[in-house]
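*Asks:* Sharing target25.cif, mmCIF, C-alpha atoms (C1' of nucleotides):
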data_input
#
loop_
_atom_site.group_PDB
_atom_site.id
_atom_site.type_symbol
_atom_site.label_atom_id
_atom_site.label_comp_id
_atom_site.auth_asym_id
_atom_site.auth_seq_id
_atom_site.Cartn_x
_atom_site.Cartn_y
_atom_site.Cartn_z
ATOM 1 C CA MET F 660 -7.588 11.774 -4.218
ATOM 2 C CA ARG F 661 -5.920 10.334 -1.181
ATOM 3 C CA ILE F 662 -2.719 11.852 0.202
ATOM 4 C CA SER F 663 -0.355 9.243 1.628
ATOM 5 C CA ALA F 664 1.643 9.553 4.828
ATOM 6 C CA ALA F 665 4.912 10.400 3.107
ATOM 7 C CA GLU F 666 3.176 12.862 0.822
ATOM 8 C CA SER F 667 1.555 14.576 3.766
ATOM 9 C CA LEU F 668 4.969 15.350 5.219
ATOM 10 C CA VAL F 669 5.774 17.221 2.034
ATOM 11 C CA MET F 670 2.447 19.028 2.210
ATOM 12 C CA GLU F 671 3.192 20.032 5.779
ATOM 13 C CA VAL F 672 6.324 21.889 4.825
ATOM 14 C CA LEU F 673 4.571 23.568 1.915
ATOM 15 C CA TRP F 674 1.803 24.657 4.252
ATOM 16 C CA ARG F 675 4.224 25.826 6.862
ATOM 17 C CA ASP F 676 6.790 27.616 4.712
ATOM 18 C CA GLY F 677 4.801 28.459 1.618
ATOM 19 C CA PRO F 678 5.715 27.919 -2.050
ATOM 20 C CA GLN F 679 9.241 26.680 -2.575
ATOM 21 C CA THR F 680 11.475 24.553 -4.747
ATOM 22 C CA ALA F 681 12.034 20.822 -4.515
ATOM 23 C CA GLU F 682 15.442 21.514 -3.029
ATOM 24 C CA ASP F 683 13.908 23.626 -0.307
ATOM 25 C CA VAL F 684 11.395 20.959 0.553
ATOM 26 C CA ALA F 685 14.140 18.380 0.658
ATOM 27 C CA ALA F 686 16.173 20.600 2.957
ATOM 28 C CA ALA F 687 13.200 21.092 5.229
ATOM 29 C CA VAL F 688 11.999 17.537 5.415
ATOM 30 C CA GLY F 689 14.964 15.502 4.341
ATOM 31 C CA PRO F 690 16.927 15.518 7.579
ATOM 32 C CA ASP F 691 14.082 14.111 9.664
ATOM 33 C CA GLN F 692 13.128 11.518 7.120
ATOM 34 C CA SER F 693 16.581 10.976 5.728
ATOM 35 C CA TRP F 694 15.154 11.163 2.256
ATOM 36 C CA THR F 695 17.255 11.949 -0.755
ATOM 37 C CA VAL F 696 16.265 14.783 -3.037
ATOM 38 C CA ALA F 697 15.111 12.212 -5.568
ATOM 39 C CA THR F 698 12.552 10.905 -3.135
ATOM 40 C CA VAL F 699 11.185 14.356 -2.468
ATOM 41 C CA LYS F 700 10.904 14.971 -6.185
ATOM 42 C CA THR F 701 8.925 11.786 -6.634
ATOM 43 C CA LEU F 702 6.532 12.785 -3.891
ATOM 44 C CA LEU F 703 6.112 16.261 -5.341
ATOM 45 C CA ASN F 704 5.328 14.779 -8.717
ATOM 46 C CA ARG F 705 2.755 12.429 -7.285
ATOM 47 C CA LEU F 706 1.181 15.346 -5.473
ATOM 48 C CA LEU F 707 1.161 17.214 -8.770
ATOM 49 C CA THR F 708 -0.755 14.510 -10.580
ATOM 50 C CA LYS F 709 -3.128 14.421 -7.650
ATOM 51 C CA LYS F 710 -3.570 18.157 -8.049
ATOM 52 C CA ALA F 711 -2.651 18.629 -4.422
ATOM 53 C CA VAL F 712 0.131 21.048 -5.347
ATOM 54 C CA SER F 713 0.776 23.351 -8.266
ATOM 55 C CA ALA F 714 4.103 24.143 -9.927
ATOM 56 C CA GLU F 715 5.005 27.550 -11.219
ATOM 57 C CA ARG F 716 8.092 27.769 -13.369
ATOM 58 C CA ILE F 717 10.608 30.307 -12.154
ATOM 59 C CA GLY F 718 13.448 30.288 -14.645
ATOM 60 C CA ARG F 719 15.166 26.950 -14.406
ATOM 61 C CA ARG F 720 13.095 25.674 -11.493
ATOM 62 C CA TYR F 721 9.590 25.264 -10.213
ATOM 63 C CA LEU F 722 7.982 26.662 -7.144
ATOM 64 C CA TYR F 723 5.593 24.163 -5.648
ATOM 65 C CA ALA F 724 2.573 25.496 -3.822
ATOM 66 C CA PRO F 725 -0.254 23.745 -1.970
ATOM 67 C CA GLN F 726 -3.479 23.527 -3.895
ATOM 68 C CA ILE F 727 -5.574 22.228 -1.063
ATOM 69 C CA ALA F 728 -6.074 23.898 2.287
ATOM 70 C CA ARG F 729 -4.555 22.314 5.327
ATOM 71 C CA ALA F 730 -7.828 22.824 7.161
ATOM 72 C CA ASP F 731 -9.628 20.702 4.572
ATOM 73 C CA TYR F 732 -7.054 17.962 4.796
ATOM 74 C CA VAL F 733 -7.154 18.026 8.569
ATOM 75 C CA ARG F 734 -10.914 17.947 8.617
ATOM 76 C CA GLU F 735 -11.071 14.929 6.334
ATOM 77 C CA GLU F 736 -8.480 13.009 8.311
ATOM 78 C CA SER F 737 -10.049 13.822 11.651
ATOM 79 C CA GLN F 738 -13.544 13.128 10.513
ATOM 80 C CA GLY F 739 -12.421 9.831 9.057
ATOM 81 C CA LEU F 740 -10.856 8.717 12.305
ATOM 82 C CA ILE F 741 -13.816 9.810 14.376
ATOM 83 C CA ASP F 742 -16.218 8.072 12.041
ATOM 84 C CA ARG F 743 -14.208 4.864 12.047
ATOM 85 C CA LEU F 744 -13.482 4.676 15.737
ATOM 86 C CA PHE F 745 -15.958 6.813 17.618
ATOM 87 C CA ASP F 746 -19.211 6.471 15.778
ATOM 88 C CA GLY F 747 -18.789 9.910 14.274
ATOM 89 C CA ARG F 748 -18.923 11.771 17.541
ATOM 90 C CA LEU F 749 -16.212 13.837 19.133
ATOM 91 C CA ALA F 750 -17.072 13.412 22.791
ATOM 92 C CA PRO F 751 -16.192 9.717 22.905
ATOM 93 C CA LEU F 752 -12.746 10.537 21.598
ATOM 94 C CA VAL F 753 -12.169 13.024 24.368
ATOM 95 C CA SER F 754 -13.580 10.542 26.803
ATOM 96 C CA HIS F 755 -11.229 7.886 25.520
ATOM 97 C CA PHE F 756 -8.213 10.071 26.066
ATOM 98 C CA ALA F 757 -9.404 10.863 29.533
ATOM 99 C CA GLU F 758 -9.774 7.197 30.423
ATOM 100 C CA ALA F 759 -6.404 6.387 28.989
ATOM 101 C CA LYS F 760 -5.022 8.978 31.403
ATOM 102 C CA GLN F 761 -3.614 10.812 28.477
ATOM 103 C CA LEU F 762 -4.829 14.203 29.636
ATOM 104 C CA SER F 763 -2.736 16.492 31.758
ATOM 105 C CA PRO F 764 -4.345 19.075 34.046
ATOM 106 C CA GLU F 765 -3.286 21.699 31.525
ATOM 107 C CA ASP F 766 -5.112 19.819 28.785
ATOM 108 C CA ILE F 767 -8.217 19.710 30.896
ATOM 109 C CA ALA F 768 -8.032 23.403 31.667
ATOM 110 C CA GLU F 769 -7.522 24.193 28.024
ATOM 111 C CA LEU F 770 -10.463 22.106 26.987
ATOM 112 C CA LYS F 771 -12.612 23.618 29.654
ATOM 113 C CA LYS F 772 -11.860 27.104 28.496
ATOM 114 C CA LEU F 773 -12.505 26.120 24.914
ATOM 115 C CA ILE F 774 -15.851 24.535 25.638
ATOM 116 C CA GLU F 775 -16.985 27.441 27.697
ATOM 117 C CA GLU F 776 -16.235 29.792 24.874
ATOM 118 C CA LEU F 777 -18.145 27.608 22.504
ATOM 119 C CA ASP F 778 -21.025 27.463 24.892
ATOM 120 C CA ASP F 779 -21.042 31.214 25.327
ATOM 121 C CA GLY F 780 -21.115 31.739 21.634
ATOM 122 C CA ARG F 781 -24.327 29.797 21.646
ATOM 123 C CA MET K 494 2.529 -4.598 13.540
ATOM 124 C CA ARG K 495 0.234 -2.317 11.654
ATOM 125 C CA ILE K 496 -3.438 -3.208 11.173
ATOM 126 C CA SER K 497 -4.736 -2.103 7.791
ATOM 127 C CA ALA K 498 -8.102 -0.513 7.096
ATOM 128 C CA ALA K 499 -9.711 -3.676 5.774
ATOM 129 C CA GLU K 500 -8.278 -5.693 8.620
ATOM 130 C CA SER K 501 -9.639 -3.257 11.154
ATOM 131 C CA LEU K 502 -13.162 -3.901 9.917
ATOM 132 C CA VAL K 503 -12.648 -7.553 10.750
ATOM 133 C CA MET K 504 -11.280 -6.642 14.152
ATOM 134 C CA GLU K 505 -14.299 -4.470 14.805
ATOM 135 C CA VAL K 506 -16.700 -7.352 14.430
ATOM 136 C CA LEU K 507 -14.528 -9.580 16.596
ATOM 137 C CA TRP K 508 -14.463 -6.893 19.243
ATOM 138 C CA ARG K 509 -18.182 -6.309 18.990
ATOM 139 C CA ASP K 510 -19.466 -9.885 18.809
ATOM 140 C CA GLY K 511 -16.653 -11.838 20.422
ATOM 141 C CA PRO K 512 -14.874 -14.975 19.189
ATOM 142 C CA GLN K 513 -16.439 -16.476 16.093
ATOM 143 C CA THR K 514 -15.768 -18.407 12.929
ATOM 144 C CA ALA K 515 -14.679 -17.027 9.593
ATOM 145 C CA GLU K 516 -18.193 -17.598 8.301
ATOM 146 C CA ASP K 517 -19.647 -15.531 11.100
ATOM 147 C CA VAL K 518 -17.270 -12.694 10.447
ATOM 148 C CA ALA K 519 -18.092 -12.825 6.769
ATOM 149 C CA ALA K 520 -21.780 -12.734 7.555
ATOM 150 C CA ALA K 521 -21.295 -9.767 9.841
ATOM 151 C CA VAL K 522 -19.026 -7.701 7.666
ATOM 152 C CA GLY K 523 -19.533 -9.107 4.199
ATOM 153 C CA PRO K 524 -22.789 -7.356 3.327
ATOM 154 C CA ASP K 525 -21.446 -3.869 3.968
ATOM 155 C CA GLN K 526 -18.177 -4.510 2.227
ATOM 156 C CA SER K 527 -19.480 -6.958 -0.329
ATOM 157 C CA TRP K 528 -16.563 -9.195 0.425
ATOM 158 C CA THR K 529 -16.591 -12.876 -0.349
ATOM 159 C CA VAL K 530 -15.836 -15.388 2.362
ATOM 160 C CA ALA K 531 -12.452 -15.925 0.766
ATOM 161 C CA THR K 532 -11.521 -12.316 1.347
ATOM 162 C CA VAL K 533 -12.491 -12.487 4.988
ATOM 163 C CA LYS K 534 -10.393 -15.614 5.409
ATOM 164 C CA THR K 535 -7.397 -13.892 3.907
ATOM 165 C CA LEU K 536 -7.782 -10.989 6.289
ATOM 166 C CA LEU K 537 -8.162 -13.315 9.250
ATOM 167 C CA ASN K 538 -5.010 -15.127 8.259
ATOM 168 C CA ARG K 539 -3.057 -11.925 7.940
ATOM 169 C CA LEU K 540 -4.307 -10.880 11.338
ATOM 170 C CA LEU K 541 -3.171 -14.246 12.643
ATOM 171 C CA THR K 542 0.374 -13.795 11.398
ATOM 172 C CA LYS K 543 0.305 -10.328 12.897
ATOM 173 C CA LYS K 544 -0.750 -11.915 16.178
ATOM 174 C CA ALA K 545 -3.725 -9.577 16.292
ATOM 175 C CA VAL K 546 -6.127 -12.486 16.584
ATOM 176 C CA SER K 547 -5.863 -16.032 17.876
ATOM 177 C CA ALA K 548 -7.512 -19.129 16.462
ATOM 178 C CA GLU K 549 -8.872 -21.918 18.610
ATOM 179 C CA ARG K 550 -9.804 -25.097 16.825
ATOM 180 C CA ILE K 551 -13.331 -26.234 17.493
ATOM 181 C CA GLY K 552 -13.758 -29.479 15.634
ATOM 182 C CA ARG K 553 -13.607 -28.709 11.979
ATOM 183 C CA ARG K 554 -13.406 -24.951 12.377
ATOM 184 C CA TYR K 555 -11.607 -22.213 14.174
ATOM 185 C CA LEU K 556 -12.910 -19.595 16.486
ATOM 186 C CA TYR K 557 -11.050 -16.366 15.949
ATOM 187 C CA ALA K 558 -10.628 -14.077 18.912
ATOM 188 C CA PRO K 559 -9.024 -10.648 19.239
ATOM 189 C CA GLN K 560 -5.579 -10.679 20.800
ATOM 190 C CA ILE K 561 -5.256 -6.960 21.147
ATOM 191 C CA ALA K 562 -7.622 -4.701 23.045
ATOM 192 C CA ARG K 563 -9.736 -2.299 21.098
ATOM 193 C CA ALA K 564 -8.809 0.428 23.541
ATOM 194 C CA ASP K 565 -5.141 -0.052 22.679
ATOM 195 C CA TYR K 566 -5.821 0.063 18.979
ATOM 196 C CA VAL K 567 -7.994 3.134 19.357
ATOM 197 C CA ARG K 568 -5.415 4.870 21.463
ATOM 198 C CA GLU K 569 -2.657 4.260 18.964
ATOM 199 C CA GLU K 570 -4.719 5.448 16.049
ATOM 200 C CA SER K 571 -5.966 8.536 17.842
ATOM 201 C CA GLN K 572 -2.609 9.419 19.248
ATOM 202 C CA GLY K 573 -1.086 9.037 15.823
ATOM 203 C CA LEU K 574 -3.545 11.414 14.249
ATOM 204 C CA ILE K 575 -3.215 13.940 17.016
ATOM 205 C CA ASP K 576 0.545 13.792 16.841
ATOM 206 C CA ARG K 577 0.588 14.179 13.083
ATOM 207 C CA LEU K 578 -1.982 16.916 12.762
ATOM 208 C CA PHE K 579 -2.339 18.685 16.070
ATOM 209 C CA ASP K 580 1.104 18.733 17.551
ATOM 210 C CA GLY K 581 0.185 16.002 19.989
ATOM 211 C CA ARG K 582 -2.448 17.969 21.825
ATOM 212 C CA LEU K 583 -6.146 17.230 22.029
ATOM 213 C CA ALA K 584 -7.527 20.729 22.443
ATOM 214 C CA PRO K 585 -6.560 21.897 18.954
ATOM 215 C CA LEU K 586 -8.497 19.004 17.498
ATOM 216 C CA VAL K 587 -11.599 19.995 19.389
ATOM 217 C CA SER K 588 -10.987 23.561 18.393
ATOM 218 C CA HIS K 589 -10.657 22.550 14.781
ATOM 219 C CA PHE K 590 -14.015 20.810 14.826
ATOM 220 C CA ALA K 591 -15.583 23.810 16.420
ATOM 221 C CA GLU K 592 -14.236 26.129 13.745
ATOM 222 C CA ALA K 593 -15.344 23.809 11.005
ATOM 223 C CA LYS K 594 -18.817 24.123 12.481
ATOM 224 C CA GLN K 595 -18.872 20.418 12.950
ATOM 225 C CA LEU K 596 -20.221 20.575 16.469
ATOM 226 C CA SER K 597 -23.919 20.455 17.264
ATOM 227 C CA PRO K 598 -25.294 21.996 20.455
ATOM 228 C CA GLU K 599 -25.690 18.462 21.755
ATOM 229 C CA ASP K 600 -22.030 17.805 21.106
ATOM 230 C CA ILE K 601 -21.097 20.912 23.000
ATOM 231 C CA ALA K 602 -23.318 20.001 25.919
ATOM 232 C CA GLU K 603 -21.870 16.526 25.994
ATOM 233 C CA LEU K 604 -18.336 17.805 25.950
ATOM 234 C CA LYS K 605 -19.114 20.330 28.624
ATOM 235 C CA LYS K 606 -20.477 17.684 30.919
ATOM 236 C CA LEU K 607 -17.507 15.455 30.234
ATOM 237 C CA ILE K 608 -14.952 18.125 30.965
ATOM 238 C CA GLU K 609 -16.684 19.158 34.123
ATOM 239 C CA GLU K 610 -16.569 15.613 35.387
ATOM 240 C CA LEU K 611 -12.911 15.396 34.571
ATOM 241 C CA ASP K 612 -12.284 18.648 36.311
ATOM 242 C CA ASP K 613 -14.189 17.526 39.378
ATOM 243 C CA GLY K 614 -12.237 14.351 39.576
ATOM 244 C CA ARG K 615 -9.172 16.543 39.925
ATOM 245 C "C1'" DC M 635 28.776 27.955 -30.011
ATOM 246 C "C1'" DG M 636 29.384 23.807 -27.626
ATOM 247 C "C1'" DC M 637 29.428 21.255 -23.466
ATOM 248 C "C1'" DC M 638 28.355 20.481 -18.493
ATOM 249 C "C1'" DG M 639 25.643 20.462 -14.999
ATOM 250 C "C1'" DA M 640 21.312 21.319 -12.661
ATOM 251 C "C1'" DC M 641 16.450 20.272 -12.933
ATOM 252 C "C1'" DG M 642 12.383 18.006 -13.810
ATOM 253 C "C1'" DT M 643 10.582 13.478 -15.820
ATOM 254 C "C1'" DT M 644 10.546 8.636 -16.364
ATOM 255 C "C1'" DT M 645 11.472 4.230 -14.884
ATOM 256 C "C1'" DA M 646 12.435 0.791 -11.104
ATOM 257 C "C1'" DC M 647 11.504 -2.214 -7.606
ATOM 258 C "C1'" DA M 648 10.256 -4.458 -3.323
ATOM 259 C "C1'" DG M 649 6.692 -4.759 0.066
ATOM 260 C "C1'" DG M 650 1.892 -4.017 1.709
ATOM 261 C "C1'" DC M 651 -3.004 -4.105 0.650
ATOM 262 C "C1'" DG M 652 -7.508 -5.350 -1.312
ATOM 263 C "C1'" DT M 653 -9.675 -8.872 -3.358
ATOM 264 C "C1'" DA M 654 -10.151 -13.423 -4.566
ATOM 265 C "C1'" DA M 655 -9.566 -18.236 -6.714
ATOM 266 C "C1'" DT M 656 -7.388 -22.648 -6.123
ATOM 267 C "C1'" DC M 657 -5.390 -26.455 -3.463
ATOM 268 C "C1'" DG M 658 -5.174 -29.880 -0.090
ATOM 269 C "C1'" DT M 659 -7.059 -32.230 3.714
ATOM 270 C "C1'" DC M 660 -10.022 -34.325 6.784
ATOM 271 C "C1'" DC M 661 -14.877 -35.218 8.716
ATOM 272 C "C1'" DG M 662 -18.981 -37.125 8.158
ATOM 273 C "C1'" DA M 663 -22.472 -39.357 5.547
ATOM 274 C "C1'" DT M 664 -23.342 -43.629 2.692
ATOM 275 C "C1'" DA Q 1087 -14.143 -48.120 3.571
ATOM 276 C "C1'" DT Q 1088 -15.071 -44.375 0.259
ATOM 277 C "C1'" DC Q 1089 -16.101 -40.104 -1.494
ATOM 278 C "C1'" DG Q 1090 -17.706 -35.513 -1.577
ATOM 279 C "C1'" DG Q 1091 -17.910 -31.334 0.483
ATOM 280 C "C1'" DA Q 1092 -16.571 -27.899 3.904
ATOM 281 C "C1'" DC Q 1093 -12.618 -25.533 5.793
ATOM 282 C "C1'" DG Q 1094 -8.317 -23.512 6.333
ATOM 283 C "C1'" DA Q 1095 -3.842 -22.684 3.726
ATOM 284 C "C1'" DT Q 1096 -1.564 -21.330 -0.314
ATOM 285 C "C1'" DT Q 1097 -1.089 -18.794 -4.338
ATOM 286 C "C1'" DA Q 1098 -2.395 -14.839 -7.413
ATOM 287 C "C1'" DC Q 1099 -2.386 -10.369 -9.008
ATOM 288 C "C1'" DG Q 1100 -2.792 -5.532 -9.841
ATOM 289 C "C1'" DC Q 1101 -2.458 -1.131 -7.459
ATOM 290 C "C1'" DC Q 1102 -0.406 1.984 -4.104
ATOM 291 C "C1'" DT Q 1103 3.542 3.416 -1.394
ATOM 292 C "C1'" DG Q 1104 8.225 4.356 -0.035
ATOM 293 C "C1'" DT Q 1105 12.453 4.939 -1.741
ATOM 294 C "C1'" DA Q 1106 15.471 5.958 -5.267
ATOM 295 C "C1'" DA Q 1107 18.386 5.781 -9.679
ATOM 296 C "C1'" DA Q 1108 18.592 6.772 -14.686
ATOM 297 C "C1'" DC Q 1109 17.348 9.738 -18.480
ATOM 298 C "C1'" DG Q 1110 16.717 13.775 -21.120
ATOM 299 C "C1'" DT Q 1111 16.769 18.618 -21.769
ATOM 300 C "C1'" DC Q 1112 17.931 23.297 -21.525
ATOM 301 C "C1'" DG Q 1113 20.362 27.314 -19.897
ATOM 302 C "C1'" DG Q 1114 24.587 29.440 -18.862
ATOM 303 C "C1'" DC Q 1115 29.801 29.473 -18.700
ATOM 304 C "C1'" DG Q 1116 33.916 29.223 -21.182
#
Would you mind writing the structure in this file as structure tokens?
*Replies:*
Amino acid sequence: MRISAAESLVMEVLWRDGPQTAEDVAAAVGPDQSWTVATVKTLLNRLLTKKAVSAERIGRRYLYAPQIARADYVREESQGLIDRLFDGRLAPLVSHFAEAKQLSPEDIAELKKLIEELDDGR
Amino acid sequence: MRISAAESLVMEVLWRDGPQTAEDVAAAVGPDQSWTVATVKTLLNRLLTKKAVSAERIGRRYLYAPQIARADYVREESQGLIDRLFDGRLAPLVSHFAEAKQLSPEDIAELKKLIEELDDGR
DNA sequence: CGCCGACGTTTACAGGCGTAATCGTCCGAT
DNA sequence: ATCGGACGATTACGCCTGTAAACGTCGGCG
């Protein structure tokens, strides 16, 4: 099931800080988004029905924990974008960023190093 | 203004095949999506109000033409994803694909060539 | 032992989206 | 001059999303 933009912000804090209560999530994400606690609770509940998080009762409260791996989510999102916009291939994306002058020398160096490592591994 | 997923499919055919009528768009995109002509017309009209396409009257019909460049759209979408998932940097995305074993030797070769060209240009 | 308050659950509601049918108009063929 | 059909414009409608308030329950303090 699809995770929406707002929901993904909640997932991000669960991934980053681990299992926590609705209050904690609200404290972590609320300021940026200026969401009320109620909003965070709604999002957590939607994520629950989507089985994207689990809830373990700890006394009066629940601890919410991610049920899907961030890597999986990231892969799906990235693959989707690359499929939609770049014919499923990664190189054109990199190329696009290069043409749009969106790459700093540091970026280029970093990429170079990365690719060389990949190539060595081969 | 935001271009939705369905709308972007319409934009893609306008970008690919140039200005054309609603019928043409429907013929180009309809089969894949199994949309009726009515649906395509709705999407074109929404794109019109979003100023993403223009309409030039040719006799009885309109020719719809893109009003935003594909490169701009692509940049926004890509940048958005990279900002949301990879802290705004491109290398981690590439790295992620590598780790997910989503890169073929051809991909690696292509990237290598690309990066070397970029590096030369520097 | 009863009540209050903290939680989770349920309900709300406007706007966007996907998908389409219906309406109104105007061109072109009789 | 008329009428039907082809187009765009308008209207429809249910689902998802963002954002949140209202409701109900249960545990702990007094």
*Asks:* For chain K, work out the contacting residues on chain M at 10 Å, counting all atoms listed in the file, and write them as a tab-separated table (two decimals) with C-alpha atoms (C1' of nucleotides), in the coordinates of the input.
*Replies:*
chain	number	residue	atom	x	y	z
M	650	DG	C1'	1.89	-4.02	1.71
M	651	DC	C1'	-3.00	-4.11	0.65
M	652	DG	C1'	-7.51	-5.35	-1.31
M	653	DT	C1'	-9.68	-8.87	-3.36
M	654	DA	C1'	-10.15	-13.42	-4.57
M	655	DA	C1'	-9.57	-18.24	-6.71
M	660	DC	C1'	-10.02	-34.33	6.78
M	661	DC	C1'	-14.88	-35.22	8.72
*Asks:* Please list as a VMD selection string every residue within 10 Å of DT664 in chain M, counting all atoms listed in the file and excluding residues in the same chain fewer than 2 positions away.
*Replies:* (chain M and resid 662) or (chain Q and resid 1088 to 1089)
*Asks:* For those residues, write C-alpha atoms (C1' of nucleotides) to a file as a PDB file, keeping the file's coordinate frame.
*Replies:*
ATOM      1  C1'  DG M 662     -18.981 -37.125   8.158  1.00  0.00           C
TER       2       DG M 662
ATOM      3  C1'  DT Q1088     -15.071 -44.375   0.259  1.00  0.00           C
ATOM      4  C1'  DC Q1089     -16.101 -40.104  -1.494  1.00  0.00           C
TER       5       DC Q1089
END
*Asks:* Select, from F:Val688, F:Leu770, F:Lys700, F:Val672, the residue with the minimum atom-to-atom distance to chain Q, counting all atoms listed in the file.
*Replies:*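 Ranked by minimum distance to chain Q, first place goes to F:Lys700.
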*Asks:* To one decimal in Å, tell me the separation between CA of Ser501 in chain K and CA of Phe590 in chain K.
*Replies:* 24.7 Å
*Asks:* Pick the closest to chain K from F:Ile741, F:Leu722, F:Asp746, F:Leu703: which is it, counting all atoms listed in the file?
*Replies:*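 That would be F:Ile741, the residue with the smallest distance to chain K.
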*Asks:* Which residues match the PyMOL selection byres ((chain K) within 10 of (chain F)) in the file above, as an mmCIF file with C-alpha atoms, in the coordinates of the input?
*Replies:*
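File written: selection.cif
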data_model
loop_
_atom_site.group_PDB
_atom_site.id
_atom_site.type_symbol
_atom_site.label_atom_id
_atom_site.label_comp_id
_atom_site.auth_asym_id
_atom_site.auth_seq_id
_atom_site.Cartn_x
_atom_site.Cartn_y
_atom_site.Cartn_z
ATOM 1 C CA ALA K 498 -8.102 -0.513 7.096
ATOM 2 C CA SER K 501 -9.639 -3.257 11.154
ATOM 3 C CA LEU K 502 -13.162 -3.901 9.917
ATOM 4 C CA GLU K 505 -14.299 -4.470 14.805
ATOM 5 C CA ARG K 563 -9.736 -2.299 21.098
ATOM 6 C CA ALA K 564 -8.809 0.428 23.541
ATOM 7 C CA ASP K 565 -5.141 -0.052 22.679
ATOM 8 C CA TYR K 566 -5.821 0.063 18.979
ATOM 9 C CA VAL K 567 -7.994 3.134 19.357
ATOM 10 C CA ARG K 568 -5.415 4.870 21.463
ATOM 11 C CA GLU K 570 -4.719 5.448 16.049
ATOM 12 C CA SER K 571 -5.966 8.536 17.842
ATOM 13 C CA GLN K 572 -2.609 9.419 19.248
ATOM 14 C CA LEU K 574 -3.545 11.414 14.249
ATOM 15 C CA ILE K 575 -3.215 13.940 17.016
ATOM 16 C CA ARG K 577 0.588 14.179 13.083
ATOM 17 C CA LEU K 578 -1.982 16.916 12.762
ATOM 18 C CA PHE K 579 -2.339 18.685 16.070
ATOM 19 C CA ARG K 582 -2.448 17.969 21.825
ATOM 20 C CA LEU K 583 -6.146 17.230 22.029
ATOM 21 C CA ALA K 584 -7.527 20.729 22.443
ATOM 22 C CA PRO K 585 -6.560 21.897 18.954
ATOM 23 C CA LEU K 586 -8.497 19.004 17.498
ATOM 24 C CA VAL K 587 -11.599 19.995 19.389
ATOM 25 C CA SER K 588 -10.987 23.561 18.393
ATOM 26 C CA HIS K 589 -10.657 22.550 14.781
ATOM 27 C CA PHE K 590 -14.015 20.810 14.826
ATOM 28 C CA ALA K 591 -15.583 23.810 16.420
ATOM 29 C CA GLU K 592 -14.236 26.129 13.745
ATOM 30 C CA ALA K 593 -15.344 23.809 11.005
ATOM 31 C CA GLN K 595 -18.872 20.418 12.950
ATOM 32 C CA LEU K 596 -20.221 20.575 16.469
ATOM 33 C CA PRO K 598 -25.294 21.996 20.455
ATOM 34 C CA ASP K 600 -22.030 17.805 21.106
ATOM 35 C CA ILE K 601 -21.097 20.912 23.000
ATOM 36 C CA ALA K 602 -23.318 20.001 25.919
ATOM 37 C CA GLU K 603 -21.870 16.526 25.994
ATOM 38 C CA LEU K 604 -18.336 17.805 25.950
ATOM 39 C CA LYS K 605 -19.114 20.330 28.624
ATOM 40 C CA LYS K 606 -20.477 17.684 30.919
ATOM 41 C CA LEU K 607 -17.507 15.455 30.234
ATOM 42 C CA ILE K 608 -14.952 18.125 30.965
ATOM 43 C CA GLU K 609 -16.684 19.158 34.123
ATOM 44 C CA LEU K 611 -12.911 15.396 34.571
ATOM 45 C CA ASP K 612 -12.284 18.648 36.311
ATOM 46 C CA ARG K 615 -9.172 16.543 39.925
#
*Asks:* So which residues touch Gln679 in chain F within 9 Å, counting only C-alpha atoms (C1' of nucleotides), skipping near sequence neighbours fewer than 3 positions away, as a PyMOL selection string?
*Replies:* chain F and resi 673+676+682-684+721-724
*Asks:* Limited to C-alpha atoms, could you put the picked residues into a file as a PDB file, in the frame of the given file?
*Replies:*
ATOM      1  CA  LEU F 673       4.571  23.568   1.915  1.00  0.00           C
ATOM      2  CA  ASP F 676       6.790  27.616   4.712  1.00  0.00           C
ATOM      3  CA  GLU F 682      15.442  21.514  -3.029  1.00  0.00           C
ATOM      4  CA  ASP F 683      13.908  23.626  -0.307  1.00  0.00           C
ATOM      5  CA  VAL F 684      11.395  20.959   0.553  1.00  0.00           C
ATOM      6  CA  TYR F 721       9.590  25.264 -10.213  1.00  0.00           C
ATOM      7  CA  LEU F 722       7.982  26.662  -7.144  1.00  0.00           C
ATOM      8  CA  TYR F 723       5.593  24.163  -5.648  1.00  0.00           C
ATOM      9  CA  ALA F 724       2.573  25.496  -3.822  1.00  0.00           C
TER      10      ALA F 724
END
*Asks:* Evaluated on this file, the PyMOL selection byres ((chain M and resi 657) around 9) picks out some residues - which ones are they, written as a PyMOL selection string?
*Replies:* (chain M and resi 656+658) or (chain Q and resi 1095-1097)
*Asks:* Kindly resolve the PyMOL selection byres ((chain Q) within 10 of (chain F)) on the present coordinates and return the residues as a PDB file with C-alpha atoms (C1' of nucleotides), in the frame of the given file.
*Replies:*
ATOM      1  C1'  DC Q1102      -0.406   1.984  -4.104  1.00  0.00           C
ATOM      2  C1'  DT Q1103       3.542   3.416  -1.394  1.00  0.00           C
ATOM      3  C1'  DG Q1104       8.225   4.356  -0.035  1.00  0.00           C
ATOM      4  C1'  DT Q1105      12.453   4.939  -1.741  1.00  0.00           C
ATOM      5  C1'  DA Q1106      15.471   5.958  -5.267  1.00  0.00           C
ATOM      6  C1'  DA Q1107      18.386   5.781  -9.679  1.00  0.00           C
ATOM      7  C1'  DC Q1112      17.931  23.297 -21.525  1.00  0.00           C
ATOM      8  C1'  DG Q1113      20.362  27.314 -19.897  1.00  0.00           C
TER       9       DG Q1113
END
*Asks:* Just the number, please: distance in Å from CA of Ile662 in chain F to CA of Leu541 in chain K, one decimal.
*Replies:*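 Answer for the CA of Ile662 in chain F to CA of Leu541 in chain K separation: 28.9 Å.
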*Asks:* Kindly give the distance, in Å, that separates CA of Pro524 in chain K and C1' of DC1093 in chain Q, rounded to a single decimal.
*Replies:*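 Straight-line distance from CA of Pro524 in chain K to C1' of DC1093 in chain Q works out to 21.0 Å.
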*Asks:* For Met660 in chain F, work out the shell of residues within 9 Å, counting all atoms listed in the file and skipping chain neighbours fewer than 2 positions away, then give it as a ChimeraX atom specification.
*Replies:* /F:662,709-711
